[in-house]
>>> print(open('data12.pdb').read())   # PDB, C-alpha atoms
ATOM      1  CA  MET A   1      58.315 -16.764  -5.793  1.00  0.00           C
ATOM      2  CA  GLY A   2      54.877 -16.392  -4.269  1.00  0.00           C
ATOM      3  CA  ALA A   3      54.163 -14.169  -1.333  1.00  0.00           C
ATOM      4  CA  MET A   4      55.211 -15.466   2.023  1.00  0.00           C
ATOM      5  CA  PRO A   5      52.255 -16.868   3.976  1.00  0.00           C
ATOM      6  CA  LYS A   6      51.021 -14.473   6.619  1.00  0.00           C
ATOM      7  CA  ARG A   7      52.132 -15.521  10.070  1.00  0.00           C
ATOM      8  CA  VAL A   8      49.111 -16.068  12.264  1.00  0.00           C
ATOM      9  CA  ASP A   9      49.202 -14.392  15.646  1.00  0.00           C
ATOM     10  CA  HIS A  10      47.873 -17.225  17.795  1.00  0.00           C
ATOM     11  CA  ARG A  11      46.934 -14.946  20.672  1.00  0.00           C
ATOM     12  CA  GLU A  12      45.016 -12.723  18.274  1.00  0.00           C
ATOM     13  CA  ARG A  13      43.230 -15.709  16.704  1.00  0.00           C
ATOM     14  CA  ARG A  14      42.406 -17.164  20.110  1.00  0.00           C
ATOM     15  CA  THR A  15      41.018 -13.786  21.173  1.00  0.00           C
ATOM     16  CA  GLN A  16      38.943 -13.623  17.967  1.00  0.00           C
ATOM     17  CA  ILE A  17      37.470 -17.026  18.750  1.00  0.00           C
ATOM     18  CA  ALA A  18      36.941 -16.076  22.406  1.00  0.00           C
ATOM     19  CA  ASP A  19      35.058 -12.925  21.397  1.00  0.00           C
ATOM     20  CA  ALA A  20      32.848 -15.020  19.112  1.00  0.00           C
ATOM     21  CA  LEU A  21      32.262 -17.486  21.931  1.00  0.00           C
ATOM     22  CA  MET A  22      31.151 -14.681  24.268  1.00  0.00           C
ATOM     23  CA  ARG A  23      28.788 -13.220  21.650  1.00  0.00           C
ATOM     24  CA  VAL A  24      27.155 -16.587  20.960  1.00  0.00           C
ATOM     25  CA  ALA A  25      26.926 -17.339  24.687  1.00  0.00           C
ATOM     26  CA  ALA A  26      25.300 -13.973  25.380  1.00  0.00           C
ATOM     27  CA  GLU A  27      22.700 -14.568  22.674  1.00  0.00           C
ATOM     28  CA  HIS A  28      21.963 -18.282  23.047  1.00  0.00           C
ATOM     29  CA  GLY A  29      23.324 -19.275  26.465  1.00  0.00           C
ATOM     30  CA  LEU A  30      26.614 -20.983  27.182  1.00  0.00           C
ATOM     31  CA  GLU A  31      25.124 -24.465  27.458  1.00  0.00           C
ATOM     32  CA  ALA A  32      23.810 -24.235  23.887  1.00  0.00           C
ATOM     33  CA  VAL A  33      27.154 -23.162  22.444  1.00  0.00           C
ATOM     34  CA  SER A  34      28.930 -25.644  20.189  1.00  0.00           C
ATOM     35  CA  LEU A  35      32.290 -25.548  18.430  1.00  0.00           C
ATOM     36  CA  ARG A  36      30.376 -25.153  15.151  1.00  0.00           C
ATOM     37  CA  HIS A  37      28.392 -22.151  16.474  1.00  0.00           C
ATOM     38  CA  VAL A  38      31.579 -20.426  17.551  1.00  0.00           C
ATOM     39  CA  ALA A  39      33.330 -21.163  14.265  1.00  0.00           C
ATOM     40  CA  ALA A  40      30.463 -19.652  12.262  1.00  0.00           C
ATOM     41  CA  GLU A  41      30.411 -16.526  14.443  1.00  0.00           C
ATOM     42  CA  ALA A  42      34.195 -16.116  14.234  1.00  0.00           C
ATOM     43  CA  GLY A  43      34.279 -16.716  10.469  1.00  0.00           C
ATOM     44  CA  VAL A  44      36.708 -19.632  10.769  1.00  0.00           C
ATOM     45  CA  SER A  45      36.435 -23.389  10.313  1.00  0.00           C
ATOM     46  CA  ALA A  46      35.248 -25.749  13.027  1.00  0.00           C
ATOM     47  CA  GLY A  47      38.660 -27.381  12.741  1.00  0.00           C
ATOM     48  CA  MET A  48      40.321 -24.070  13.559  1.00  0.00           C
ATOM     49  CA  VAL A  49      38.234 -23.715  16.728  1.00  0.00           C
ATOM     50  CA  GLN A  50      39.077 -27.295  17.657  1.00  0.00           C
ATOM     51  CA  HIS A  51      42.759 -26.459  17.235  1.00  0.00           C
ATOM     52  CA  TYR A  52      42.402 -24.059  20.170  1.00  0.00           C
ATOM     53  CA  PHE A  53      39.743 -25.916  22.162  1.00  0.00           C
ATOM     54  CA  ARG A  54      39.816 -29.690  21.848  1.00  0.00           C
ATOM     55  CA  THR A  55      36.695 -30.212  23.958  1.00  0.00           C
ATOM     56  CA  LYS A  56      33.651 -28.278  25.050  1.00  0.00           C
ATOM     57  CA  ASP A  57      34.983 -28.340  28.624  1.00  0.00           C
ATOM     58  CA  GLU A  58      38.088 -26.466  27.440  1.00  0.00           C
ATOM     59  CA  MET A  59      35.946 -23.933  25.613  1.00  0.00           C
ATOM     60  CA  MET A  60      33.741 -23.396  28.665  1.00  0.00           C
ATOM     61  CA  ALA A  61      36.754 -22.974  30.931  1.00  0.00           C
ATOM     62  CA  PHE A  62      38.224 -20.440  28.522  1.00  0.00           C
ATOM     63  CA  ALA A  63      34.961 -18.476  28.496  1.00  0.00           C
ATOM     64  CA  LEU A  64      35.158 -18.258  32.272  1.00  0.00           C
ATOM     65  CA  SER A  65      38.783 -17.098  32.064  1.00  0.00           C
ATOM     66  CA  VAL A  66      37.662 -14.263  29.768  1.00  0.00           C
ATOM     67  CA  VAL A  67      35.046 -13.243  32.353  1.00  0.00           C
ATOM     68  CA  ARG A  68      37.741 -13.392  35.039  1.00  0.00           C
ATOM     69  CA  GLU A  69      39.990 -11.099  32.996  1.00  0.00           C
ATOM     70  CA  HIS A  70      37.128  -8.625  32.519  1.00  0.00           C
ATOM     71  CA  ASN A  71      36.378  -8.648  36.241  1.00  0.00           C
ATOM     72  CA  GLU A  72      40.039  -8.179  37.139  1.00  0.00           C
ATOM     73  CA  ALA A  73      40.307  -5.170  34.817  1.00  0.00           C
ATOM     74  CA  ARG A  74      37.181  -3.583  36.308  1.00  0.00           C
ATOM     75  CA  LEU A  75      38.336  -4.294  39.849  1.00  0.00           C
ATOM     76  CA  THR A  76      41.797  -2.888  39.227  1.00  0.00           C
ATOM     77  CA  ALA A  77      40.327   0.357  37.892  1.00  0.00           C
ATOM     78  CA  ALA A  78      37.803   0.643  40.732  1.00  0.00           C
ATOM     79  CA  LEU A  79      40.296  -0.137  43.482  1.00  0.00           C
ATOM     80  CA  THR A  80      42.862   2.254  42.044  1.00  0.00           C
ATOM     81  CA  ALA A  81      40.234   5.001  42.163  1.00  0.00           C
ATOM     82  CA  LEU A  82      39.789   4.406  45.914  1.00  0.00           C
ATOM     83  CA  GLY A  83      43.264   5.687  46.689  1.00  0.00           C
ATOM     84  CA  ALA A  84      45.954   4.188  48.902  1.00  0.00           C
ATOM     85  CA  THR A  85      44.100   3.500  52.152  1.00  0.00           C
ATOM     86  CA  PRO A  86      40.431   2.578  51.686  1.00  0.00           C
ATOM     87  CA  SER A  87      38.645   1.181  54.734  1.00  0.00           C
ATOM     88  CA  PRO A  88      38.070  -2.599  54.795  1.00  0.00           C
ATOM     89  CA  ARG A  89      34.318  -2.040  54.323  1.00  0.00           C
ATOM     90  CA  THR A  90      34.853   0.244  51.329  1.00  0.00           C
ATOM     91  CA  LEU A  91      37.313  -2.207  49.802  1.00  0.00           C
ATOM     92  CA  VAL A  92      34.936  -5.175  50.127  1.00  0.00           C
ATOM     93  CA  ARG A  93      31.923  -3.156  48.995  1.00  0.00           C
ATOM     94  CA  THR A  94      33.773  -1.979  45.900  1.00  0.00           C
ATOM     95  CA  MET A  95      34.942  -5.481  45.027  1.00  0.00           C
ATOM     96  CA  LEU A  96      31.529  -7.096  45.388  1.00  0.00           C
ATOM     97  CA  GLY A  97      29.734  -4.202  43.712  1.00  0.00           C
ATOM     98  CA  GLU A  98      31.995  -4.390  40.678  1.00  0.00           C
ATOM     99  CA  VAL A  99      31.155  -8.057  40.133  1.00  0.00           C
ATOM    100  CA  LEU A 100      27.375  -7.568  40.295  1.00  0.00           C
ATOM    101  CA  PRO A 101      25.714  -7.429  36.827  1.00  0.00           C
ATOM    102  CA  LEU A 102      24.663  -3.776  37.033  1.00  0.00           C
ATOM    103  CA  ASP A 103      25.306  -2.774  33.406  1.00  0.00           C
ATOM    104  CA  ALA A 104      25.374  -4.405  29.968  1.00  0.00           C
ATOM    105  CA  PRO A 105      29.036  -5.578  29.956  1.00  0.00           C
ATOM    106  CA  ARG A 106      28.731  -7.039  33.451  1.00  0.00           C
ATOM    107  CA  ARG A 107      25.412  -8.673  32.587  1.00  0.00           C
ATOM    108  CA  ALA A 108      27.011 -10.367  29.569  1.00  0.00           C
ATOM    109  CA  ASP A 109      29.853 -11.647  31.750  1.00  0.00           C
ATOM    110  CA  GLY A 110      27.418 -12.626  34.484  1.00  0.00           C
ATOM    111  CA  ARG A 111      25.355 -14.754  32.109  1.00  0.00           C
ATOM    112  CA  VAL A 112      28.467 -16.652  31.070  1.00  0.00           C
ATOM    113  CA  ALA A 113      29.605 -17.134  34.681  1.00  0.00           C
ATOM    114  CA  LEU A 114      26.157 -18.351  35.736  1.00  0.00           C
ATOM    115  CA  ALA A 115      25.975 -20.759  32.810  1.00  0.00           C
ATOM    116  CA  PHE A 116      29.444 -22.070  33.672  1.00  0.00           C
ATOM    117  CA  LEU A 117      28.342 -22.747  37.259  1.00  0.00           C
ATOM    118  CA  ALA A 118      25.303 -24.643  35.984  1.00  0.00           C
ATOM    119  CA  TYR A 119      27.477 -26.561  33.508  1.00  0.00           C
ATOM    120  CA  THR A 120      29.944 -27.582  36.235  1.00  0.00           C
ATOM    121  CA  ALA A 121      27.235 -28.633  38.706  1.00  0.00           C
ATOM    122  CA  VAL A 122      27.258 -32.087  37.105  1.00  0.00           C
ATOM    123  CA  ARG A 123      30.938 -32.029  36.091  1.00  0.00           C
ATOM    124  CA  PRO A 124      32.980 -31.901  39.323  1.00  0.00           C
ATOM    125  CA  ALA A 125      36.292 -32.170  37.479  1.00  0.00           C
ATOM    126  CA  VAL A 126      35.568 -28.994  35.509  1.00  0.00           C
ATOM    127  CA  ALA A 127      34.326 -27.215  38.637  1.00  0.00           C
ATOM    128  CA  ALA A 128      37.611 -27.884  40.430  1.00  0.00           C
ATOM    129  CA  SER A 129      39.207 -24.890  38.699  1.00  0.00           C
ATOM    130  CA  LEU A 130      36.858 -22.601  40.628  1.00  0.00           C
ATOM    131  CA  HIS A 131      37.558 -23.964  44.090  1.00  0.00           C
ATOM    132  CA  GLN A 132      40.803 -22.065  44.645  1.00  0.00           C
ATOM    133  CA  ASP A 133      39.254 -18.820  43.368  1.00  0.00           C
ATOM    134  CA  THR A 134      36.426 -19.200  45.874  1.00  0.00           C
ATOM    135  CA  ALA A 135      38.778 -20.036  48.734  1.00  0.00           C
ATOM    136  CA  ASP A 136      41.001 -17.049  47.892  1.00  0.00           C
ATOM    137  CA  LEU A 137      38.049 -14.641  47.793  1.00  0.00           C
ATOM    138  CA  VAL A 138      36.603 -15.920  51.085  1.00  0.00           C
ATOM    139  CA  GLY A 139      40.051 -15.637  52.664  1.00  0.00           C
ATOM    140  CA  PHE A 140      40.500 -12.074  51.436  1.00  0.00           C
ATOM    141  CA  ILE A 141      37.082 -10.920  52.683  1.00  0.00           C
ATOM    142  CA  ALA A 142      37.624 -12.642  56.041  1.00  0.00           C
ATOM    143  CA  GLY A 143      40.957 -10.824  56.329  1.00  0.00           C
ATOM    144  CA  GLN A 144      39.255  -7.478  55.735  1.00  0.00           C
ATOM    145  CA  ILE A 145      36.664  -8.289  58.416  1.00  0.00           C
ATOM    146  CA  ARG A 146      39.468  -9.110  60.875  1.00  0.00           C
ATOM    147  CA  ALA A 147      41.217  -5.848  59.996  1.00  0.00           C
ATOM    148  CA  ALA A 148      38.033  -3.866  60.696  1.00  0.00           C
ATOM    149  CA  GLN A 149      37.567  -5.715  63.996  1.00  0.00           C
ATOM    150  CA  SER A 150      41.168  -4.986  64.995  1.00  0.00           C
ATOM    151  CA  ALA A 151      40.555  -1.319  64.299  1.00  0.00           C
ATOM    152  CA  GLY A 152      37.537  -1.426  66.590  1.00  0.00           C
ATOM    153  CA  SER A 153      35.072  -0.408  63.870  1.00  0.00           C
ATOM    154  CA  ALA A 154      33.308  -3.735  63.338  1.00  0.00           C
ATOM    155  CA  PRO A 155      31.119  -5.915  65.541  1.00  0.00           C
ATOM    156  CA  GLU A 156      32.354  -9.305  66.727  1.00  0.00           C
ATOM    157  CA  VAL A 157      31.260 -11.785  64.087  1.00  0.00           C
ATOM    158  CA  ASP A 158      32.969 -14.941  62.852  1.00  0.00           C
ATOM    159  CA  PRO A 159      35.028 -13.581  59.912  1.00  0.00           C
ATOM    160  CA  ASP A 160      35.109 -16.813  57.936  1.00  0.00           C
ATOM    161  CA  ARG A 161      31.386 -17.500  58.203  1.00  0.00           C
ATOM    162  CA  ALA A 162      30.562 -13.856  57.472  1.00  0.00           C
ATOM    163  CA  ALA A 163      32.811 -13.948  54.385  1.00  0.00           C
ATOM    164  CA  VAL A 164      31.050 -17.059  53.055  1.00  0.00           C
ATOM    165  CA  GLY A 165      27.696 -15.374  53.655  1.00  0.00           C
ATOM    166  CA  LEU A 166      28.751 -12.208  51.835  1.00  0.00           C
ATOM    167  CA  LEU A 167      29.980 -14.192  48.856  1.00  0.00           C
ATOM    168  CA  ALA A 168      26.753 -16.203  48.771  1.00  0.00           C
ATOM    169  CA  LEU A 169      24.720 -12.983  48.971  1.00  0.00           C
ATOM    170  CA  MET A 170      26.659 -11.496  46.044  1.00  0.00           C
ATOM    171  CA  GLU A 171      26.107 -14.612  43.912  1.00  0.00           C
ATOM    172  CA  GLY A 172      22.410 -14.726  44.800  1.00  0.00           C
ATOM    173  CA  LEU A 173      21.906 -11.046  44.036  1.00  0.00           C
ATOM    174  CA  GLY A 174      23.701 -11.605  40.734  1.00  0.00           C
ATOM    175  CA  VAL A 175      21.260 -14.352  39.762  1.00  0.00           C
ATOM    176  CA  TYR A 176      18.257 -12.213  40.687  1.00  0.00           C
ATOM    177  CA  LEU A 177      19.635  -9.210  38.801  1.00  0.00           C
ATOM    178  CA  LEU A 178      20.245 -11.316  35.685  1.00  0.00           C
ATOM    179  CA  GLY A 179      16.666 -12.584  35.905  1.00  0.00           C
ATOM    180  CA  GLY A 180      15.277  -9.076  36.300  1.00  0.00           C
ATOM    181  CA  HIS A 181      13.784  -9.808  39.731  1.00  0.00           C
ATOM    182  CA  PHE A 182      15.240  -6.708  41.407  1.00  0.00           C
ATOM    183  CA  PRO A 183      16.435  -3.328  40.172  1.00  0.00           C
ATOM    184  CA  ALA A 184      20.061  -2.405  40.812  1.00  0.00           C
ATOM    185  CA  ASP A 185      19.283  -0.063  43.723  1.00  0.00           C
ATOM    186  CA  THR A 186      17.428  -2.836  45.593  1.00  0.00           C
ATOM    187  CA  ALA A 187      20.363  -5.220  45.166  1.00  0.00           C
ATOM    188  CA  LEU A 188      22.893  -2.627  46.316  1.00  0.00           C
ATOM    189  CA  ALA A 189      20.729  -1.723  49.330  1.00  0.00           C
ATOM    190  CA  ALA A 190      20.651  -5.408  50.334  1.00  0.00           C
ATOM    191  CA  LEU A 191      24.438  -5.626  49.964  1.00  0.00           C
ATOM    192  CA  ASP A 192      24.921  -2.483  52.063  1.00  0.00           C
ATOM    193  CA  ALA A 193      22.575  -3.765  54.777  1.00  0.00           C
ATOM    194  CA  GLN A 194      24.633  -6.957  55.071  1.00  0.00           C
ATOM    195  CA  LEU A 195      27.889  -4.974  55.107  1.00  0.00           C
ATOM    196  CA  ASP A 196      26.473  -2.846  57.936  1.00  0.00           C
ATOM    197  CA  LEU A 197      25.851  -5.997  59.997  1.00  0.00           C
ATOM    198  CA  ILE A 198      29.400  -7.251  59.419  1.00  0.00           C
ATOM    199  CA  PHE A 199      31.499  -4.086  59.328  1.00  0.00           C
ATOM    200  CA  GLY A 200      29.225  -1.636  61.101  1.00  0.00           C
ATOM    201  CA  PRO A 201      27.601   1.339  59.335  1.00  0.00           C
ATOM    202  CA  GLU A 202      29.686   3.135  56.749  1.00  0.00           C
ATOM    203  CA  GLN A 203      31.651   5.966  58.291  1.00  0.00           C
ATOM    204  CA  PRO A 204      31.321   9.392  56.645  1.00  0.00           C
ATOM    205  CA  ALA A 205      34.302  10.457  54.579  1.00  0.00           C
ATOM    206  CA  GLY A 206      36.739  12.843  56.161  1.00  0.00           C
TER
END
>>> encode(input="data12.pdb", output="structure tokens")
Amino acid sequence: MGAMPKRVDHRERRTQIADALMRVAAEHGLEAVSLRHVAAEAGVSAGMVQHYFRTKDEMMAFALSVVREHNEARLTAALTALGATPSPRTLVRTMLGEVLPLDAPRRADGRVALAFLAYTAVRPAVAASLHQDTADLVGFIAGQIRAAQSAGSAPEVDPDRAAVGLLALMEGLGVYLLGGHFPADTALAALDAQLDLIFGPEQPAG
């Protein structure tokens, strides 16, 4: 009898294809990526890629989910390092700072996320997957602003509007950082200035 065929680990194969997708996207831009490009980079057939991603929309959405996983891992590590009771301002600053493309891995993820946003601008159905993420993030930031106000450490601003503004600032800074318009310290100074207006100046530790 011949050797038993090797059982393919579908998660491992999907991850292999996802890694290839991210490499091609980083080099050529997500919009230019095709199933054939990804197959060549992954060393598999175009049919194999199509087995996992039937359409380009599915492939794009998966690329964004990889970025989301990377961000969640970075955020978990950063928030864990803050300890059990970070202030609302510190919590929000850490979250937004971790998403900004301030180093090579975050720049690679940021390019994919930016390309996905551009791709979905004319594809509302694909963009719908992002709406809940945005609403959840705005809600979380608004909750932190309310907590700071309840503690008496923050000025009276509209939490929901301020949260939308902070999120928009983060996205805008991300675009400018990816384009090389500002150095990292300029972007972080702008973020801190906005946080000061919303939460009040950062309190010294201890």
>>> resolve_selection(input="data12.pdb", expression="the PyMOL selection byres ((chain A and resi 43-58) around 12)", output="ChimeraX atom specification")
/A:8,10-21,30-42,59-65,116,119-120,123-127,129
>>> closest_residue(input="data12.pdb", among="A:Asp160, A:Asp103, A:Asp196, A:Glu27", to="Phe140 (chain A)", atoms="all atoms listed in the file")
A:Asp160
>>> axis_aligned_box(input="data12.pdb", around="region 161-174 of chain A", padding_each_side="3 Å", output="JSON")
{"center_x": 27.4, "center_y": -14.3, "center_z": 49.5, "size_x": 16.9, "size_y": 12.5, "size_z": 23.5}
>>> atom_distance(input="data12.pdb", atom1="CA of Asp185 (chain A)", atom2="CA of Ile198 (chain A)")
20.0 Å
>>> atom_distance(input="data12.pdb", atom1="CA of Val67 (chain A)", atom2="CA of Asp109 (chain A)")
5.5 Å
>>> atom_distance(input="data12.pdb", atom1="CA of Ala142 (chain A)", atom2="CA of Met170 (chain A)")
14.9 Å
>>> residues_around(input="data12.pdb", residues="Val99 (chain A)", least_positions_apart="5", cutoff="10 Å", atoms="only C-alpha atoms", output="number ranges by chain")
A: 68, 70-72, 74-75, 94, 106-107, 109-110, 170-171, 174
>>> residues_around(input="data12.pdb", residues="Asp136 (chain A)", least_positions_apart="4", cutoff="12 Å", atoms="all atoms listed in the file", output="list of chain:residue names")
A:Leu130, A:His131, A:Gln132, A:Phe140, A:Ile141, A:Ala142, A:Gly143, A:Asp160, A:Ala163, A:Val164, A:Leu167
>>> residues_around(input="data12.pdb", residues="Val92 (chain A)", least_positions_apart="3", cutoff="8 Å", atoms="all atoms listed in the file", output="PDB file with C-alpha atoms, in the frame of the given file")
ATOM      1  CA  PRO A  88      38.070  -2.599  54.795  1.00  0.00           C
ATOM      2  CA  ARG A  89      34.318  -2.040  54.323  1.00  0.00           C
ATOM      3  CA  MET A  95      34.942  -5.481  45.027  1.00  0.00           C
ATOM      4  CA  LEU A  96      31.529  -7.096  45.388  1.00  0.00           C
ATOM      5  CA  ILE A 141      37.082 -10.920  52.683  1.00  0.00           C
ATOM      6  CA  GLN A 144      39.255  -7.478  55.735  1.00  0.00           C
TER       7      GLN A 144
END
>>> closest_residue(input="data12.pdb", among="A:Ala104, A:Ala118, A:Val112, A:Leu195", to="Gly29 (chain A)", atoms="only C-alpha atoms")
A:Val112
>>> build_atoms(input="data12.pdb", residues="region 30-40 of chain A", atoms="all heavy atoms", output="mmCIF file, in the frame of the given file")
data_model
loop_
_atom_site.group_PDB
_atom_site.id
_atom_site.type_symbol
_atom_site.label_atom_id
_atom_site.label_comp_id
_atom_site.auth_asym_id
_atom_site.auth_seq_id
_atom_site.Cartn_x
_atom_site.Cartn_y
_atom_site.Cartn_z
ATOM 1 N N LEU A 30 25.349 -20.250 27.295
ATOM 2 C CA LEU A 30 26.614 -20.983 27.182
ATOM 3 C C LEU A 30 26.397 -22.478 26.962
ATOM 4 O O LEU A 30 27.129 -23.122 26.214
ATOM 5 C CB LEU A 30 27.436 -20.752 28.458
ATOM 6 C CG LEU A 30 28.906 -21.165 28.430
ATOM 7 C CD1 LEU A 30 29.664 -20.435 27.329
ATOM 8 C CD2 LEU A 30 29.559 -20.885 29.772
ATOM 9 N N GLU A 31 25.377 -23.029 27.586
ATOM 10 C CA GLU A 31 25.124 -24.465 27.458
ATOM 11 C C GLU A 31 24.823 -24.859 26.015
ATOM 12 O O GLU A 31 25.157 -25.957 25.573
ATOM 13 C CB GLU A 31 23.954 -24.866 28.379
ATOM 14 C CG GLU A 31 23.614 -26.344 28.360
ATOM 15 C CD GLU A 31 24.720 -27.230 28.907
ATOM 16 O OE1 GLU A 31 25.445 -26.789 29.815
ATOM 17 O OE2 GLU A 31 24.855 -28.361 28.416
ATOM 18 N N ALA A 32 24.197 -23.930 25.264
ATOM 19 C CA ALA A 32 23.810 -24.235 23.887
ATOM 20 C C ALA A 32 24.956 -24.048 22.897
ATOM 21 O O ALA A 32 24.837 -24.427 21.735
ATOM 22 C CB ALA A 32 22.633 -23.348 23.473
ATOM 23 N N VAL A 33 26.043 -23.468 23.347
ATOM 24 C CA VAL A 33 27.154 -23.162 22.444
ATOM 25 C C VAL A 33 27.848 -24.443 22.005
ATOM 26 O O VAL A 33 28.098 -25.335 22.808
ATOM 27 C CB VAL A 33 28.168 -22.232 23.141
ATOM 28 C CG1 VAL A 33 29.436 -22.108 22.315
ATOM 29 C CG2 VAL A 33 27.556 -20.860 23.367
ATOM 30 N N SER A 34 28.149 -24.523 20.712
ATOM 31 C CA SER A 34 28.930 -25.644 20.189
ATOM 32 C C SER A 34 30.147 -25.089 19.459
ATOM 33 O O SER A 34 30.214 -23.901 19.134
ATOM 34 C CB SER A 34 28.090 -26.474 19.209
ATOM 35 O OG SER A 34 27.850 -25.724 18.027
ATOM 36 N N LEU A 35 31.111 -25.958 19.197
ATOM 37 C CA LEU A 35 32.290 -25.548 18.430
ATOM 38 C C LEU A 35 31.868 -24.986 17.073
ATOM 39 O O LEU A 35 32.433 -24.001 16.581
ATOM 40 C CB LEU A 35 33.225 -26.741 18.239
ATOM 41 C CG LEU A 35 33.852 -27.345 19.503
ATOM 42 C CD1 LEU A 35 34.618 -28.617 19.157
ATOM 43 C CD2 LEU A 35 34.770 -26.354 20.190
ATOM 44 N N ARG A 36 30.842 -25.601 16.467
ATOM 45 C CA ARG A 36 30.376 -25.153 15.151
ATOM 46 C C ARG A 36 29.758 -23.753 15.219
ATOM 47 O O ARG A 36 29.993 -22.923 14.345
ATOM 48 C CB ARG A 36 29.358 -26.162 14.604
ATOM 49 C CG ARG A 36 29.015 -25.970 13.130
ATOM 50 C CD ARG A 36 28.113 -27.090 12.648
ATOM 51 N NE ARG A 36 28.726 -28.402 12.828
ATOM 52 C CZ ARG A 36 29.620 -28.919 11.995
ATOM 53 N NH1 ARG A 36 29.990 -28.224 10.927
ATOM 54 N NH2 ARG A 36 30.122 -30.107 12.209
ATOM 55 N N HIS A 37 28.972 -23.493 16.286
ATOM 56 C CA HIS A 37 28.392 -22.151 16.474
ATOM 57 C C HIS A 37 29.485 -21.096 16.532
ATOM 58 O O HIS A 37 29.403 -20.038 15.904
ATOM 59 C CB HIS A 37 27.638 -22.084 17.817
ATOM 60 C CG HIS A 37 26.272 -22.675 17.774
ATOM 61 N ND1 HIS A 37 25.772 -23.441 18.806
ATOM 62 C CD2 HIS A 37 25.290 -22.610 16.856
ATOM 63 C CE1 HIS A 37 24.548 -23.822 18.513
ATOM 64 N NE2 HIS A 37 24.240 -23.346 17.329
ATOM 65 N N VAL A 38 30.501 -21.392 17.343
ATOM 66 C CA VAL A 38 31.579 -20.426 17.551
ATOM 67 C C VAL A 38 32.359 -20.209 16.264
ATOM 68 O O VAL A 38 32.720 -19.078 15.915
ATOM 69 C CB VAL A 38 32.505 -20.892 18.691
ATOM 70 C CG1 VAL A 38 33.704 -19.953 18.837
ATOM 71 C CG2 VAL A 38 31.733 -20.955 20.010
ATOM 72 N N ALA A 39 32.599 -21.282 15.525
ATOM 73 C CA ALA A 39 33.330 -21.163 14.265
ATOM 74 C C ALA A 39 32.580 -20.266 13.283
ATOM 75 O O ALA A 39 33.173 -19.389 12.638
ATOM 76 C CB ALA A 39 33.543 -22.545 13.655
ATOM 77 N N ALA A 40 31.270 -20.458 13.181
ATOM 78 C CA ALA A 40 30.463 -19.652 12.262
ATOM 79 C C ALA A 40 30.503 -18.178 12.659
ATOM 80 O O ALA A 40 30.638 -17.290 11.810
ATOM 81 C CB ALA A 40 29.027 -20.163 12.240
#
